[in-house]
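J.: I'd like to ask some things about the structure below.
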Amino acid sequence: MNVSREDIVDGVMEARILEAEKNGLFKRMTMEDRDKSRNDTLAKLPVGSDIWLFGYGSLMWNPTIEYEARIPARIYGYHRQFCLWTWMGRGTPEQPGLMLALQAGGSCDGFAYKVSRQLAEEELKIVWNREMISNAYVPRIVSLHTADGNVPGIVFVINRQHERYAGKLEPENMIDALAHAEGPIGRCCDYLFSTVEHMDELGIGDGAMHDLARRVRTRQAE
């Protein structure tokens, strides 16, 4: 199960977040702060440039937005890492899950989505109401390297000051969380497996994420 576009637009996801906040599981970013964050980020794009959004995790297989184009892209200066705890979604307070974020250093391959200027307000509001429901991520404008050249694009990187930031985890702790955590929107391991599947689609060779997926499957079989 994934978060759907309808869940976001119809307020279903927001209602879940509000309930989680009441139960002390989540600290929500207000709608007003999300709107300000979105507008401030768009203002940093070059005047007249196309709007591109970079997906490196669930945005690769479940973008929940309408887009004009989807193409492979690479960014430099960041790499994908499981470094954000989740006590809801794909985890629980008793068995927290882990989500991907962009950490400083290295590079990262993913998909770039071109968003129509005419639909940007509606579509990016959906993105912010999905990715920026808390302060766990910080939006940045970076250079997306594509086969057709470089374009400026929006990415979401980890907020290292956030209470759910996991830092550099011991491999065994990461494997345990990914192998066993499960929440209302599914198993944490499926998030990892889907990421690896779409990395394969991009032609990314065997690497750390593939090794992690193998180790998680082994842990589940024990």
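Ordering of the structure tokens sets the chain letters (A, B, ...); residue numbers start at 1 within each chain; ligands are numbered from 1 in the order shown.
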Contacts of segment 127-136 of chain A at 7 Å or less, counting only C-alpha atoms, minus same-chain residues fewer than 5 places along, as an NGL selection string?
T.: :A and (8 or 27-29 or 34 or 38 or 158-159 or 162)
J.: How about saving the chosen residues, N, CA and C atoms kept, as a compact mmCIF listing (two decimals), in the first residue's frame?
T.:
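That gives us again_18.txt:
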# COMPACT_ATOMS: atom_id res chain seq x y z
N ILE A 8 -3.92 12.56 -0.24
CA ILE A 8 -3.35 13.88 0.04
C ILE A 8 -4.35 14.98 -0.27
N LYS A 27 5.24 15.51 15.05
CA LYS A 27 5.18 16.96 15.17
C LYS A 27 4.95 17.54 13.78
N ARG A 28 3.77 18.08 13.57
CA ARG A 28 3.34 18.49 12.24
C ARG A 28 3.85 19.89 11.90
N MET A 29 4.19 20.09 10.64
CA MET A 29 4.48 21.42 10.11
C MET A 29 3.16 22.04 9.66
N ARG A 34 4.23 25.28 5.45
CA ARG A 34 4.47 24.52 4.22
C ARG A 34 4.33 25.42 3.00
N ARG A 38 7.29 26.27 0.34
CA ARG A 38 7.13 26.01 -1.09
C ARG A 38 7.39 27.28 -1.90
N ILE A 158 17.92 15.70 4.17
CA ILE A 158 17.63 15.48 5.58
C ILE A 158 17.90 16.73 6.41
N ASN A 159 17.05 16.95 7.38
CA ASN A 159 17.27 17.98 8.40
C ASN A 159 17.98 17.31 9.56
N HIS A 162 16.52 17.41 13.14
CA HIS A 162 15.20 16.88 13.44
C HIS A 162 15.27 15.75 14.46
J.: Would you kindly return, as a list in words, each protein, DNA or RNA residue with an atom no farther than 9 Å from any atom of Leu144 of chain A, considering only C-alpha atoms and excluding same-chain residues fewer than 5 positions away?
T.: Trp52, Phe54, Ala73, Arg74, Ile75, Tyr76, Ala112, Gly149, Asn150, Val151, Pro152, Gly153 and Ile154 of chain A
J.: Return as a VMD selection string the full set of residues in segment 127-219 of chain A whose backbone-based DSSP assignment is alpha helix (DSSP H).
T.: chain A and resid 127 to 131 171 to 180 188 to 201 208 to 219
J.: For Lys44 of chain A, which residue among A:Ala15, A:Val142, A:Cys108, A:Ala101 is the nearest when counting only C-alpha atoms?
T.: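 Of all the options, A:Val142 lies closest to Lys44 of chain A.
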J.: Which is closest to His198 of chain A among A:Pro171, A:Gly55, A:Gly97, A:Gly89, if we use only C-alpha atoms?
T.: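 Closest candidate: A:Gly55.
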J.: Could you check the closest approach to Arg160 of chain A for each of A:Gln103, A:Asn23, A:Ser116, A:Gln81 and tell me which residue wins, using only C-alpha atoms?
T.: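 Checking each candidate against Arg160 of chain A, we get A:Gln103 as the closest.
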J.: In Å, with one decimal, what is the gap from atom CA of Ser58 of chain A to atom CA of Arg140 of chain A?
T.: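 Spanning atom CA of Ser58 of chain A to atom CA of Arg140 of chain A is a straight-line distance of 17.9 Å.
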J.: Please identify the strand (DSSP E) residues within segment 98-165 of chain A (assignment by DSSP from backbone atoms) and present them as a ChimeraX atom specification.
T.: /A:98-115,137-146,149-158
J.: For the selection just defined, write its residues with N, CA and C atoms to a file, as an mmCIF file, in the first residue's frame.
T.:
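After the write, result25.cif holds the following:
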data_model
loop_
_atom_site.group_PDB
_atom_site.id
_atom_site.type_symbol
_atom_site.label_atom_id
_atom_site.label_comp_id
_atom_site.auth_asym_id
_atom_site.auth_seq_id
_atom_site.Cartn_x
_atom_site.Cartn_y
_atom_site.Cartn_z
ATOM 1 N N LEU A 98 12.421 2.840 9.071
ATOM 2 C CA LEU A 98 13.391 3.817 8.575
ATOM 3 C C LEU A 98 12.984 4.291 7.187
ATOM 4 N N MET A 99 13.183 5.575 6.934
ATOM 5 C CA MET A 99 12.904 6.159 5.634
ATOM 6 C C MET A 99 14.199 6.704 5.040
ATOM 7 N N LEU A 100 14.196 6.805 3.725
ATOM 8 C CA LEU A 100 15.353 7.360 3.037
ATOM 9 C C LEU A 100 15.374 8.876 3.115
ATOM 10 N N ALA A 101 16.575 9.410 3.079
ATOM 11 C CA ALA A 101 16.777 10.851 2.935
ATOM 12 C C ALA A 101 18.088 11.046 2.186
ATOM 13 N N LEU A 102 18.341 12.269 1.786
ATOM 14 C CA LEU A 102 19.610 12.599 1.149
ATOM 15 C C LEU A 102 20.574 13.138 2.201
ATOM 16 N N GLN A 103 21.712 12.478 2.310
ATOM 17 C CA GLN A 103 22.782 12.895 3.203
ATOM 18 C C GLN A 103 23.879 13.569 2.382
ATOM 19 N N ALA A 104 24.623 14.438 3.011
ATOM 20 C CA ALA A 104 25.721 15.131 2.317
ATOM 21 C C ALA A 104 26.807 14.144 1.908
ATOM 22 N N GLY A 105 27.351 14.368 0.710
ATOM 23 C CA GLY A 105 28.457 13.566 0.218
ATOM 24 C C GLY A 105 28.077 12.613 -0.895
ATOM 25 N N GLY A 106 28.987 12.445 -1.866
ATOM 26 C CA GLY A 106 28.770 11.469 -2.923
ATOM 27 C C GLY A 106 27.838 11.954 -4.016
ATOM 28 N N SER A 107 27.077 11.030 -4.582
ATOM 29 C CA SER A 107 26.140 11.348 -5.657
ATOM 30 C C SER A 107 24.933 10.432 -5.542
ATOM 31 N N CYS A 108 23.897 10.746 -6.298
ATOM 32 C CA CYS A 108 22.670 9.959 -6.227
ATOM 33 C C CYS A 108 21.967 9.981 -7.572
ATOM 34 N N ASP A 109 21.581 8.808 -8.057
ATOM 35 C CA ASP A 109 20.803 8.684 -9.280
ATOM 36 C C ASP A 109 19.329 8.513 -8.928
ATOM 37 N N GLY A 110 18.474 9.127 -9.721
ATOM 38 C CA GLY A 110 17.039 9.017 -9.507
ATOM 39 C C GLY A 110 16.294 9.457 -10.745
ATOM 40 N N PHE A 111 15.054 9.852 -10.573
ATOM 41 C CA PHE A 111 14.249 10.351 -11.681
ATOM 42 C C PHE A 111 13.909 11.816 -11.466
ATOM 43 N N ALA A 112 13.942 12.580 -12.559
ATOM 44 C CA ALA A 112 13.542 13.982 -12.536
ATOM 45 C C ALA A 112 12.172 14.101 -13.192
ATOM 46 N N TYR A 113 11.283 14.816 -12.530
ATOM 47 C CA TYR A 113 9.929 15.034 -13.034
ATOM 48 C C TYR A 113 9.764 16.497 -13.429
ATOM 49 N N LYS A 114 9.325 16.716 -14.652
ATOM 50 C CA LYS A 114 9.058 18.073 -15.112
ATOM 51 C C LYS A 114 7.601 18.409 -14.831
ATOM 52 N N VAL A 115 7.387 19.488 -14.084
ATOM 53 C CA VAL A 115 6.043 19.901 -13.688
ATOM 54 C C VAL A 115 5.639 21.135 -14.482
ATOM 55 N N TYR A 137 12.671 17.153 6.431
ATOM 56 C CA TYR A 137 13.419 17.423 5.203
ATOM 57 C C TYR A 137 13.567 18.931 5.009
ATOM 58 N N VAL A 138 14.574 19.275 4.237
ATOM 59 C CA VAL A 138 14.812 20.668 3.868
ATOM 60 C C VAL A 138 14.861 20.738 2.342
ATOM 61 N N PRO A 139 14.013 21.546 1.708
ATOM 62 C CA PRO A 139 14.050 21.650 0.246
ATOM 63 C C PRO A 139 15.275 22.444 -0.215
ATOM 64 N N ARG A 140 15.882 21.967 -1.279
ATOM 65 C CA ARG A 140 17.056 22.625 -1.851
ATOM 66 C C ARG A 140 16.885 22.702 -3.370
ATOM 67 N N ILE A 141 17.568 23.659 -3.988
ATOM 68 C CA ILE A 141 17.681 23.725 -5.440
ATOM 69 C C ILE A 141 19.086 23.279 -5.808
ATOM 70 N N VAL A 142 19.170 22.213 -6.592
ATOM 71 C CA VAL A 142 20.472 21.691 -7.008
ATOM 72 C C VAL A 142 20.471 21.496 -8.516
ATOM 73 N N SER A 143 21.621 21.197 -9.063
ATOM 74 C CA SER A 143 21.748 20.920 -10.491
ATOM 75 C C SER A 143 21.463 19.447 -10.747
ATOM 76 N N LEU A 144 20.466 19.191 -11.609
ATOM 77 C CA LEU A 144 20.138 17.827 -12.007
ATOM 78 C C LEU A 144 20.862 17.523 -13.315
ATOM 79 N N HIS A 145 21.678 16.507 -13.305
ATOM 80 C CA HIS A 145 22.459 16.140 -14.486
ATOM 81 C C HIS A 145 21.679 15.092 -15.282
ATOM 82 N N THR A 146 21.316 15.440 -16.504
ATOM 83 C CA THR A 146 20.522 14.555 -17.355
ATOM 84 C C THR A 146 21.231 14.362 -18.694
ATOM 85 N N GLY A 149 21.454 17.538 -20.655
ATOM 86 C CA GLY A 149 22.100 18.693 -20.031
ATOM 87 C C GLY A 149 21.652 18.871 -18.589
ATOM 88 N N ASN A 150 22.195 19.905 -17.967
ATOM 89 C CA ASN A 150 21.898 20.165 -16.573
ATOM 90 C C ASN A 150 20.724 21.127 -16.428
ATOM 91 N N VAL A 151 19.876 20.844 -15.447
ATOM 92 C CA VAL A 151 18.735 21.724 -15.165
ATOM 93 C C VAL A 151 18.635 21.908 -13.659
ATOM 94 N N PRO A 152 18.164 23.067 -13.200
ATOM 95 C CA PRO A 152 17.956 23.242 -11.760
ATOM 96 C C PRO A 152 16.718 22.463 -11.323
ATOM 97 N N GLY A 153 16.784 21.850 -10.152
ATOM 98 C CA GLY A 153 15.653 21.066 -9.683
ATOM 99 C C GLY A 153 15.512 21.110 -8.173
ATOM 100 N N ILE A 154 14.337 20.737 -7.724
ATOM 101 C CA ILE A 154 14.010 20.716 -6.299
ATOM 102 C C ILE A 154 14.313 19.337 -5.724
ATOM 103 N N VAL A 155 15.043 19.308 -4.616
ATOM 104 C CA VAL A 155 15.288 18.055 -3.894
ATOM 105 C C VAL A 155 14.987 18.274 -2.418
ATOM 106 N N PHE A 156 14.748 17.164 -1.720
ATOM 107 C CA PHE A 156 14.499 17.223 -0.285
ATOM 108 C C PHE A 156 15.621 16.480 0.434
ATOM 109 N N VAL A 157 16.383 17.202 1.248
ATOM 110 C CA VAL A 157 17.516 16.620 1.965
ATOM 111 C C VAL A 157 17.173 16.522 3.448
ATOM 112 N N ILE A 158 17.920 15.702 4.172
ATOM 113 C CA ILE A 158 17.631 15.478 5.583
ATOM 114 C C ILE A 158 17.901 16.734 6.413
#
J.: Would you mind telling me which residue in A:Met199, A:Thr41, A:Tyr191, A:Thr86 lies nearest to Ala166 of chain A when using only C-alpha atoms?
T.: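 The closest residue to Ala166 of chain A is A:Thr86.
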